[in-house]
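Undergrad: Here it is: the structure, laid out below.
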Amino acid sequence: MRDFLKRANAFLDAPLDLAPRVLVLTAALALIPTFTSPLYTMTMFAPQYPDGLRLQIFSYKLVGGNNGQDVKEVNVLNHYIGMRDLVSEDFGEFKWMPFVIGAFALLFARTAVMGKMTHLVDSIVLFVYFGAFSLWSFGYRMWSYGHDLAPTAAVKVQPFMPPMYGYKQIANFEVYNYPALGSYALGAAAFFLLLAFLLSAKRARAERLSAQ
Amino acid sequence: MRTNRATEMSRFGILALAIFAVACAPSAPKGAQKSGGATSDVAIAAQKTYVAPGDLDEYYFFASGGHSGQVYVYGVPSMRHLSTIPVFTPYPATGYGFDDESKKMLGDLTWGDLHHPALSETGGDYDGRWLFVNEMNGRVARIDLRDFKTKQILGPIPNVSGNHASAFVTPNSEYSVMASRFSIPIPKGTVAGVDKYATDYKGVITGIKIDPKSGEMSFGWQVLMPPFNYDLGDAGKKASDGYVFFTSYNTEKATGKLEVTSTQKDRDYIAMVDWKLAEKSAAEGKGKMIGGVKVLDPKEIPGLVYFLPCGKSPHGVDVAPEGKWIVASGKLQGVTTVFNIEKIQTAIKNKNFTGEEDGIPVLKYEDIKDAEVEVGLGPLHTQFGPDNWAYTSLFVDSAIAKWKLGTWEVVDKVPMSYSIGHLSSAEGDTVSPDGKYLVGLNKLSHGRHLSVGPSQPESSQLVDISEEKMKLLYDAFTEPEPHYAQMIKADKLKPIEVYPKEENKHPYAIWDVKDAGVTRNGNKVLVKMVAVRSTLTPTDFEVKAGDEVTIAITNIEQTTDELHGFGLLDYNINIVVDPGETKQVTFKARKSGVFPFYCTNFCSALHQEMQGYFIVR
């Protein structure tokens with residue numbers, strides 16, 4: 001046991017090699033698209049909407065297709081079932097998310113520069129926690145929009161949960177919800193971090209074996 | 001469906017054969033046999049005109065609505081009626097003529113006889129910006145093709161009476177023209193008996209200036225003319241650019257029973273007006289004030305007008321694509337005459353005149369014509385196709401003749417049911433006609449459709465002109481009464497489907513239901529109302545009897561097709577507001593009581609609930 005801890009301490013204290021550092025820096029750069037591209041896109045088709053209604057969820061704003069008109073249209077339709085209006089101000093995430101992603105970019109840059117295994121582990125753990133929390137938070141928001149329906153609504157519908165990934169039929173609408181480039185960028189950042197970790201672990205293991 | 005029709009047709013064919021076999025004479029003339037002649041290949045015709053559900057037509061067809069005062073929009077080749085654009089007549093379907101703005105535009109006149117639509121041109125080709133239309137009371141209107149709405153009605157223009165030869169435009173839409181069909185003593189209001197017709201009555205030709213950016217029309221200039229009846233016109237282009245041509249009849253200056261008195265001479269005239277000279281002379285301050293406008297006198301401005309003799313009682317005058325040839329026909333003859341602008345110009349230079357009419361030089365018919373084409377009886381109007389093809393409508397023969405400019409050879413005829421007036425081919429009056437389709441606009445249609453009583457519709461027949469032989473493809477029936485029409489390639493128009501919010505500059509426009517409400521200023525009450533699915537806000541409001549009420553309704557939708565109406569019962573008010581638009585209506589609350597209002601234009605699942613109460617105490 002003591003031996004394992006000793007090995008773990010040595011591993012965590014070990015400086016990062018060049019390749020993992022480059023990978024961590026790449027992870028920081030991979031976050032850039034989250035500021036320019038949506039994280040999620042929702043597309044809704046109905047007989048009356050053959051061209052579809054589109055919503056794009058960025059880390060800091062909600063944008064409707066057709067020059068923003070689609071958000072208004074979705075809200076006009078949703079008022080019949082008593083759903084709250086989708087407005088950017090309601091999304092608390094929009095306030096902290098870009099800031100947090102920026103902080104992660106700095107944290108990754110710090111890891112690349114300071115270059116210790118422990119920094120890499122910190123980055124990975126925090127980033128995975130952030131990813132999981134964001135996903136849950138997004139899911140919860142979807143759930144509450146679909147469940148918090150005004151009792152005075154003209155049209156009473158069963159509370160519903162929009163799909164988190166893929167397709168679902170909701171009343172006369174085909175609803176498609178898919179992660180977009182921003183989310184894939186977050187995934188790519190996580191991938192680069194993990195790759196850096198695995199490379200380092202492999203190298204540490206090889207060094208340990210050759211020392212024996 | 002197609003097979004059924006084909007079977008029916010073949011049955012007809014067999015029936016027709018049987019009649020021929022047993023009887024000595026047919027029971028109907030050849031032209032009346034529905035399955036014969038031009039309609040022989042039913043399957044091909046059906047295929048060429050069938051636009052499958054959801055598919056779009058290739059051309060827009062803007063047909064004049066005659067004394068209905070409207071413009072009808074069709075798709076070609078389906079000949080489906082797509083929409084009606086009200087111009088000179090109130091039209092409850094779109095609320096036109098009920099809101100303050102359109103009511104003001106219509107003025108005191110609630111009808112107009114709309115004859116000749118003219119698409120705006122750049123370089124002699126349709127540019128898809130505006131449609132200008134004339135009206136007999138002396139008005140011209142502009143329809144904006146961005147939203148298919150009437151934007152301006154200009155007139156009645158002083159001195160012009162019976163504005164028939166209109167709204168033809170010059171090659172860069174510099175001017176739209178007008179001319180008197182009925183000469184009268186001018187200025188309007190002057191009284192003189194018809195015994196003074198030859199001396200005291202005057203014809204007037206007018207140029208309406210068009211702003212090249214906004215399309216806004218304004219008064220340009222007028223030319224004083226002898227008291228003939230000016231009938232139709234066309235602007236020169238390319239070789240003949242700078243001139244505008246008008247046919248005239250009754251150059252006898254006769255009165256009374258014109259069908260006799262005005263048809264005594266063998267020739268009437270085409271008036272050729274140098275509009276660039278008219279513009280210049282007006283700018284130099286020439287002319288005298290009549291009826292509040294400057295009128296140019298051709299006697300004082302040499303070269304302003306010439307008369308070209310033409311077969312008697314001509315109807316149309318049409319300038320061929322290259323501008324060199326001008327085609328006009330005496331409508332009682334069997335030939336159409338092709339004039340050559342170069343010969344006209346030479347004759348003018350050499351002063352080869354046969355005389356003059358009220359100081360206007362008359363050229364020699366023999367000097368200026370290139371050909372008399374034997375098209376058939378009663379030639380009225382000519383349209384053009386590519387490769388020098390020309391198509392002339394024959395009223396008396398009830399047919400269209402196809403002939404070639406240059407060789408003057410008549411190659412084909414197709415019967416029309418019945419009595420064709422105008423005809424309109426695809427971009428057929430521009431510098432680059434498309435060919436392909438031609439629509440004959442017929443005056444009579446009896447027996448070609450299910451009977452609808454004595455008020456018979458007119459017929460518009462689609463003809464395929466893509467091949468050597470013309471083929472009748474389709475009968476469409478139109479409300480009274482299409483005269484001329486314009487056919488433009490669909491991709492030249494890019495109509496909007498909502499009015500963008502940021503373009504709405506109406507002073508009472510509001511975009512939030514929170515801003516809706518009633519304000520009072522003395523006995524004037526202003527109601528700012530929001531229309532959005534599915535509520536008209538405020539849902540009820542009260543005024544006092546005798547108040548002047550203004551209701552300004554903003555449709556805050558920005559979604560295609562989400563129109564809302566405002567029908568107020570017992571007050572004769574029906575407004576329709578397009579997405580992003582604000583319309584206002586002002587009226588006196590003269591009756592007290594409770595008056596329901598509601599959305600007249602079906603909008604949503606809860607449209608029926610979109611209602612409220614106007615209470616007058």
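Here's how to read the names in the structure tokens: chain A, B, ... by the order shown, residue numbers from 1 in each chain, ligand numbers from 1 in the order shown.
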Chain B near chain A within 12 Å: what's each residue's closest atom pair and its distance in Å to one decimal, counting only C-alpha atoms, ordered by chain then ascending residue number, as CSV?
TA:
residue,atom,partner,partner_atom,distance
B:Gly54,CA,A:Pro50,CA,11.4
B:Val498,CA,A:Gln69,CA,10.9
B:Pro500,CA,A:Gln69,CA,10.4
B:Lys501,CA,A:Gln69,CA,10.8
B:Val532,CA,A:Val76,CA,8.4
B:Arg533,CA,A:Val76,CA,7.0
B:Ser534,CA,A:Tyr80,CA,9.0
B:Thr535,CA,A:Val76,CA,11.3
B:Ile556,CA,A:Lys72,CA,10.3
B:Glu557,CA,A:Glu73,CA,8.3
B:Gln558,CA,A:Gln69,CA,6.6
B:Thr559,CA,A:Glu73,CA,7.2
B:Thr560,CA,A:Tyr49,CA,10.2
B:Asp561,CA,A:Gln48,CA,10.3
B:Glu562,CA,A:Glu73,CA,10.6
B:Pro579,CA,A:Gln69,CA,11.9
B:Gly580,CA,A:Gln69,CA,11.8
B:Ser604,CA,A:Leu77,CA,9.6
B:Ala605,CA,A:Tyr80,CA,9.3
B:Leu606,CA,A:Ala154,CA,8.6
B:His607,CA,A:Tyr80,CA,12.0
B:Glu609,CA,A:Ala154,CA,10.7
Undergrad: Since we have the selection now, will you write its residues out, keeping N, CA, C and O atoms, as a compact mmCIF listing (two decimals), in the first residue's frame?
TA:
# COMPACT_ATOMS: atom_id res chain seq x y z
N GLY B 54 -47.72 21.43 -54.72
CA GLY B 54 -46.46 21.79 -54.07
C GLY B 54 -45.42 22.33 -55.04
O GLY B 54 -44.47 22.97 -54.61
N VAL B 498 -43.19 38.70 -44.91
CA VAL B 498 -43.61 39.46 -43.72
C VAL B 498 -42.99 40.84 -43.85
O VAL B 498 -41.98 41.01 -44.53
N PRO B 500 -40.71 43.34 -42.25
CA PRO B 500 -39.77 43.31 -41.14
C PRO B 500 -40.12 44.41 -40.12
O PRO B 500 -40.42 45.54 -40.50
N LYS B 501 -40.10 44.02 -38.85
CA LYS B 501 -40.47 44.93 -37.77
C LYS B 501 -39.73 46.26 -37.88
O LYS B 501 -40.30 47.33 -37.71
N VAL B 532 -52.02 39.37 -32.16
CA VAL B 532 -51.08 38.26 -32.18
C VAL B 532 -51.88 37.03 -31.76
O VAL B 532 -52.87 37.15 -31.03
N ARG B 533 -51.51 35.87 -32.26
CA ARG B 533 -52.25 34.66 -31.94
C ARG B 533 -52.45 34.51 -30.43
O ARG B 533 -51.48 34.49 -29.68
N SER B 534 -53.65 34.38 -29.90
CA SER B 534 -54.93 34.52 -30.58
C SER B 534 -55.75 35.56 -29.83
O SER B 534 -56.84 35.30 -29.36
N THR B 535 -55.20 36.77 -29.68
CA THR B 535 -55.91 37.82 -28.96
C THR B 535 -55.74 39.15 -29.67
O THR B 535 -54.66 39.45 -30.19
N ILE B 556 -48.11 41.96 -34.63
CA ILE B 556 -46.71 41.82 -34.19
C ILE B 556 -46.08 40.50 -34.61
O ILE B 556 -44.94 40.21 -34.27
N GLU B 557 -46.83 39.71 -35.37
CA GLU B 557 -46.27 38.46 -35.86
C GLU B 557 -45.16 38.74 -36.88
O GLU B 557 -45.18 39.75 -37.57
N GLN B 558 -44.20 37.85 -36.96
CA GLN B 558 -43.18 37.94 -38.01
C GLN B 558 -43.12 36.61 -38.74
O GLN B 558 -42.07 36.18 -39.21
N THR B 559 -44.26 35.96 -38.79
CA THR B 559 -44.34 34.62 -39.39
C THR B 559 -45.16 34.67 -40.66
O THR B 559 -46.24 35.26 -40.68
N THR B 560 -44.66 34.04 -41.70
CA THR B 560 -45.36 33.95 -42.97
C THR B 560 -46.78 33.47 -42.77
O THR B 560 -47.00 32.52 -42.01
N ASP B 561 -47.74 34.10 -43.45
CA ASP B 561 -49.12 33.62 -43.46
C ASP B 561 -49.92 33.97 -42.22
O ASP B 561 -51.09 33.66 -42.16
N GLU B 562 -49.31 34.58 -41.20
CA GLU B 562 -50.07 34.89 -39.99
C GLU B 562 -50.69 36.28 -40.09
O GLU B 562 -50.22 37.25 -39.49
N PRO B 579 -48.44 40.37 -41.32
CA PRO B 579 -47.40 40.28 -40.28
C PRO B 579 -46.43 41.46 -40.34
O PRO B 579 -45.90 41.76 -41.40
N GLY B 580 -46.28 42.14 -39.20
CA GLY B 580 -45.33 43.25 -39.12
C GLY B 580 -45.90 44.59 -39.56
O GLY B 580 -45.20 45.59 -39.59
N SER B 604 -55.39 30.74 -36.40
CA SER B 604 -54.84 29.75 -35.47
C SER B 604 -55.95 28.89 -34.92
O SER B 604 -57.13 29.14 -35.17
N ALA B 605 -55.56 27.90 -34.12
CA ALA B 605 -56.54 26.97 -33.56
C ALA B 605 -57.57 27.71 -32.71
O ALA B 605 -58.71 27.29 -32.60
N LEU B 606 -57.15 28.83 -32.09
CA LEU B 606 -58.09 29.57 -31.25
C LEU B 606 -58.49 30.90 -31.90
O LEU B 606 -58.77 31.89 -31.23
N HIS B 607 -58.50 30.88 -33.24
CA HIS B 607 -58.93 32.04 -34.03
C HIS B 607 -60.33 32.50 -33.63
O HIS B 607 -60.61 33.69 -33.51
N GLU B 609 -61.71 32.46 -30.92
CA GLU B 609 -61.73 33.15 -29.62
C GLU B 609 -61.16 34.56 -29.73
O GLU B 609 -61.15 35.31 -28.78
Undergrad: Which of segment 407-520 of chain B end up as strand (DSSP E or B) when DSSP is run on this backbone - answer as a PDB file with C-alpha atoms, in the first residue's frame?
TA:
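What landed in part.pdb:
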ATOM      1  CA  VAL B 410     -47.596  33.881 -91.981  1.00  0.00           C
ATOM      2  CA  VAL B 411     -46.757  30.326 -90.880  1.00  0.00           C
ATOM      3  CA  ASP B 412     -49.506  29.214 -88.508  1.00  0.00           C
ATOM      4  CA  LYS B 413     -52.859  30.059 -86.956  1.00  0.00           C
ATOM      5  CA  VAL B 414     -54.542  28.794 -83.828  1.00  0.00           C
ATOM      6  CA  PRO B 415     -58.261  29.332 -83.154  1.00  0.00           C
ATOM      7  CA  ILE B 420     -59.634  37.363 -78.822  1.00  0.00           C
ATOM      8  CA  GLY B 421     -58.699  40.869 -77.724  1.00  0.00           C
ATOM      9  CA  HIS B 422     -55.255  41.311 -76.285  1.00  0.00           C
ATOM     10  CA  LEU B 423     -52.659  38.597 -76.103  1.00  0.00           C
ATOM     11  CA  SER B 424     -49.601  38.343 -73.904  1.00  0.00           C
ATOM     12  CA  SER B 425     -46.542  36.211 -74.550  1.00  0.00           C
ATOM     13  CA  ALA B 426     -43.716  35.504 -72.070  1.00  0.00           C
ATOM     14  CA  GLY B 435     -41.225  32.598 -76.430  1.00  0.00           C
ATOM     15  CA  LYS B 436     -42.582  29.446 -74.754  1.00  0.00           C
ATOM     16  CA  TYR B 437     -46.043  30.601 -73.669  1.00  0.00           C
ATOM     17  CA  LEU B 438     -48.688  32.911 -74.942  1.00  0.00           C
ATOM     18  CA  VAL B 439     -52.072  33.687 -73.428  1.00  0.00           C
ATOM     19  CA  GLY B 440     -54.980  34.779 -75.572  1.00  0.00           C
ATOM     20  CA  LEU B 441     -57.361  37.021 -73.633  1.00  0.00           C
ATOM     21  CA  ASN B 442     -60.754  36.369 -75.109  1.00  0.00           C
ATOM     22  CA  GLU B 458     -64.037  35.768 -69.965  1.00  0.00           C
ATOM     23  CA  SER B 459     -61.595  33.159 -71.139  1.00  0.00           C
ATOM     24  CA  SER B 460     -57.816  33.152 -71.043  1.00  0.00           C
ATOM     25  CA  GLN B 461     -56.336  30.451 -73.225  1.00  0.00           C
ATOM     26  CA  LEU B 462     -52.795  29.235 -72.814  1.00  0.00           C
ATOM     27  CA  VAL B 463     -50.944  28.480 -76.035  1.00  0.00           C
ATOM     28  CA  ASP B 464     -47.651  26.642 -76.363  1.00  0.00           C
ATOM     29  CA  LYS B 471     -50.714  24.398 -79.616  1.00  0.00           C
ATOM     30  CA  LEU B 472     -53.667  25.268 -77.437  1.00  0.00           C
ATOM     31  CA  LEU B 473     -52.911  23.904 -73.968  1.00  0.00           C
ATOM     32  CA  TYR B 474     -55.499  25.132 -71.514  1.00  0.00           C
ATOM     33  CA  ASP B 475     -58.690  27.129 -71.014  1.00  0.00           C
ATOM     34  CA  ALA B 476     -58.788  29.315 -67.925  1.00  0.00           C
ATOM     35  CA  PHE B 477     -61.718  31.510 -67.004  1.00  0.00           C
ATOM     36  CA  THR B 478     -61.248  34.928 -65.599  1.00  0.00           C
ATOM     37  CA  ALA B 485     -51.555  41.312 -69.297  1.00  0.00           C
ATOM     38  CA  GLN B 486     -47.867  40.901 -68.576  1.00  0.00           C
ATOM     39  CA  MET B 487     -45.999  37.625 -68.199  1.00  0.00           C
ATOM     40  CA  ILE B 488     -42.697  37.679 -66.313  1.00  0.00           C
ATOM     41  CA  LYS B 489     -40.237  34.889 -65.405  1.00  0.00           C
ATOM     42  CA  GLY B 517     -54.489  50.627 -24.643  1.00  0.00           C
ATOM     43  CA  VAL B 518     -56.771  53.595 -25.023  1.00  0.00           C
ATOM     44  CA  THR B 519     -55.868  57.287 -24.729  1.00  0.00           C
ATOM     45  CA  ARG B 520     -58.294  60.165 -24.925  1.00  0.00           C
TER      46      ARG B 520
END
Undergrad: Please provide as a ChimeraX atom specification all residues within 9 Å of Phe127 of chain A, with the sequence filter that same-chain residues fewer than 5 positions apart are discarded (counting only C-alpha atoms).
TA: /A:104,122,132,190
Undergrad: Could you save those same residues with N, CA and C atoms as a PDB file, in the first residue's frame?
TA:
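result-v1.pdb, freshly written:
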ATOM      1  N   PHE A 104     -11.379  27.450 -17.671  1.00  0.00           N
ATOM      2  CA  PHE A 104     -10.777  26.159 -18.019  1.00  0.00           C
ATOM      3  C   PHE A 104      -9.635  26.327 -19.015  1.00  0.00           C
ATOM      4  N   ASP A 122      -5.980  17.623 -11.957  1.00  0.00           N
ATOM      5  CA  ASP A 122      -6.956  18.653 -11.546  1.00  0.00           C
ATOM      6  C   ASP A 122      -7.828  19.064 -12.743  1.00  0.00           C
ATOM      7  N   ALA A 132     -20.383  17.147 -16.857  1.00  0.00           N
ATOM      8  CA  ALA A 132     -21.521  16.379 -16.371  1.00  0.00           C
ATOM      9  C   ALA A 132     -22.569  17.320 -15.781  1.00  0.00           C
ATOM     10  N   ALA A 190     -11.820  17.324 -23.740  1.00  0.00           N
ATOM     11  CA  ALA A 190     -11.720  16.231 -22.767  1.00  0.00           C
ATOM     12  C   ALA A 190     -10.862  15.099 -23.323  1.00  0.00           C
TER      13      ALA A 190
END
Undergrad: If we count only C-alpha atoms, what is near Ala235 of chain B at a cut-off of 8 Å, once residues fewer than 6 positions away on the same chain are taken out, given as number ranges by chain?
TA: B: 168-171, 241-245, 319
Undergrad: Could you please take those selected residues and save N, CA, C and O atoms as a JSON list (two decimals), in the first residue's frame?
TA:
[["chain", "number", "residue", "atom", "x", "y", "z"],
["B", 168, "PHE", "N", -48.33, 52.24, -70.39],
["B", 168, "PHE", "CA", -47.09, 51.79, -71.03],
["B", 168, "PHE", "C", -45.89, 52.59, -70.55],
["B", 168, "PHE", "O", -45.98, 53.79, -70.37],
["B", 169, "VAL", "N", -44.78, 51.90, -70.33],
["B", 169, "VAL", "CA", -43.60, 52.58, -69.80],
["B", 169, "VAL", "C", -42.49, 52.64, -70.85],
["B", 169, "VAL", "O", -42.42, 51.79, -71.75],
["B", 170, "THR", "N", -41.62, 53.63, -70.69],
["B", 170, "THR", "CA", -40.45, 53.78, -71.56],
["B", 170, "THR", "C", -39.37, 52.78, -71.12],
["B", 170, "THR", "O", -39.48, 52.21, -70.02],
["B", 171, "PRO", "N", -38.34, 52.54, -71.95],
["B", 171, "PRO", "CA", -37.43, 51.41, -71.70],
["B", 171, "PRO", "C", -36.68, 51.42, -70.37],
["B", 171, "PRO", "O", -36.26, 50.38, -69.89],
["B", 241, "ASP", "N", -35.93, 54.22, -79.55],
["B", 241, "ASP", "CA", -35.95, 54.77, -78.19],
["B", 241, "ASP", "C", -36.10, 56.29, -78.27],
["B", 241, "ASP", "O", -35.49, 56.93, -79.12],
["B", 242, "GLY", "N", -36.89, 56.84, -77.39],
["B", 242, "GLY", "CA", -37.11, 58.29, -77.39],
["B", 242, "GLY", "C", -38.48, 58.67, -77.94],
["B", 242, "GLY", "O", -38.93, 59.79, -77.76],
["B", 243, "TYR", "N", -39.13, 57.71, -78.60],
["B", 243, "TYR", "CA", -40.47, 57.98, -79.11],
["B", 243, "TYR", "C", -41.48, 57.14, -78.36],
["B", 243, "TYR", "O", -41.16, 56.07, -77.84],
["B", 244, "VAL", "N", -42.70, 57.65, -78.33],
["B", 244, "VAL", "CA", -43.80, 56.81, -77.87],
["B", 244, "VAL", "C", -44.91, 56.93, -78.91],
["B", 244, "VAL", "O", -45.12, 57.99, -79.49],
["B", 245, "PHE", "N", -45.52, 55.79, -79.21],
["B", 245, "PHE", "CA", -46.49, 55.70, -80.31],
["B", 245, "PHE", "C", -47.89, 55.49, -79.74],
["B", 245, "PHE", "O", -48.08, 54.69, -78.82],
["B", 319, "VAL", "N", -44.20, 47.79, -80.64],
["B", 319, "VAL", "CA", -42.84, 47.95, -81.13],
["B", 319, "VAL", "C", -42.10, 46.61, -80.96],
["B", 319, "VAL", "O", -42.09, 46.03, -79.86]]
Undergrad: One decimal, Å: what's the distance from atom CA of Phe246 of chain B over to atom CA of Gly69 of chain B, could you say?
TA: 23.2 Å
Undergrad: Considering only C-alpha atoms, return as a PyMOL selection string whatever protein or nucleic-acid residues lie within 10 Å of segment 87-101 of chain A, sequence-local ones (same chain, fewer than 3 positions apart) excluded.
TA: chain A and resi 28+31-32+34-35+57-63+71-72+75+84+104-107+127+130+134+137-138+141+186
Undergrad: Excluding Pro298 of chain B and any residue of its chain fewer than 2 positions from it, enumerate the residues within 9 Å of it, using only C-alpha atoms, and give them as a list in words.
TA: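 In the requested format, the answer is Val223, Leu224, Met225, Leu296, Glu300, Ile301, Pro302, Gly303, Leu304, Val305, Asp358, Gly359 and Ile360 of chain B.
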Undergrad: Would you please work out which residue, of B:Val73, B:Phe384, B:Thr336, B:Ala43, is nearest to Trp408 of chain B when using only C-alpha atoms?
TA: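 Closest to Trp408 of chain B, using only C-alpha atoms: B:Thr336.
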Undergrad: Can you measure atom CA of His67 of chain B to atom CA of Phe88 of chain B for me? One decimal in Å is fine.
TA: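 A separation of 9.1 Å between them.
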Undergrad: Measure the distance from atom CA of Val295 of chain B to atom CA of Ile205 of chain B in Å and round it to one decimal.
TA: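 So the two atoms, atom CA of Val295 of chain B and atom CA of Ile205 of chain B, lie 9.3 Å apart.
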Undergrad: Could you pull the residues within 10 Å of segment 103-106 of chain B, counting only C-alpha atoms, minus those fewer than 3 positions along the same chain, as a VMD selection string?
TA: chain B and resid 87 to 90 96 to 100 109 to 112 141 150 to 155 585
Undergrad: Let me see the file: selected residues, C-alpha atoms, as a PDB file, in the first residue's frame.
TA:
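Saved file out-v9.pdb follows:
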ATOM      1  CA  VAL B  87     -56.105  48.774 -56.999  1.00  0.00           C
ATOM      2  CA  PHE B  88     -59.045  51.011 -57.797  1.00  0.00           C
ATOM      3  CA  THR B  89     -61.790  49.141 -55.929  1.00  0.00           C
ATOM      4  CA  PRO B  90     -62.263  48.348 -52.238  1.00  0.00           C
ATOM      5  CA  TYR B  96     -58.227  47.365 -48.984  1.00  0.00           C
ATOM      6  CA  GLY B  97     -60.257  50.559 -49.068  1.00  0.00           C
ATOM      7  CA  PHE B  98     -61.296  50.285 -45.411  1.00  0.00           C
ATOM      8  CA  ASP B  99     -58.239  51.581 -43.552  1.00  0.00           C
ATOM      9  CA  ASP B 100     -57.352  55.298 -43.553  1.00  0.00           C
ATOM     10  CA  LEU B 109     -63.815  57.001 -56.709  1.00  0.00           C
ATOM     11  CA  THR B 110     -64.564  53.418 -55.760  1.00  0.00           C
ATOM     12  CA  TRP B 111     -64.235  51.942 -59.200  1.00  0.00           C
ATOM     13  CA  GLY B 112     -61.787  52.193 -62.026  1.00  0.00           C
ATOM     14  CA  ALA B 141     -51.337  53.352 -60.001  1.00  0.00           C
ATOM     15  CA  THR B 150     -50.843  49.136 -54.417  1.00  0.00           C
ATOM     16  CA  LYS B 151     -48.558  51.901 -53.215  1.00  0.00           C
ATOM     17  CA  GLN B 152     -49.709  54.971 -55.096  1.00  0.00           C
ATOM     18  CA  ILE B 153     -52.612  56.199 -57.158  1.00  0.00           C
ATOM     19  CA  LEU B 154     -51.862  59.347 -59.120  1.00  0.00           C
ATOM     20  CA  GLY B 155     -54.689  61.432 -60.543  1.00  0.00           C
ATOM     21  CA  VAL B 585     -58.945  53.290 -39.230  1.00  0.00           C
TER      22      VAL B 585
END
Undergrad: For a quick check of understanding, using only C-alpha atoms, which of B:Glu581, B:Asp491, B:Asp297, B:Asp195 has the smallest distance to Ala254 of chain B?
TA: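 Between B:Glu581, B:Asp491, B:Asp297, B:Asp195, the residue approaching Ala254 of chain B most closely is B:Asp195.
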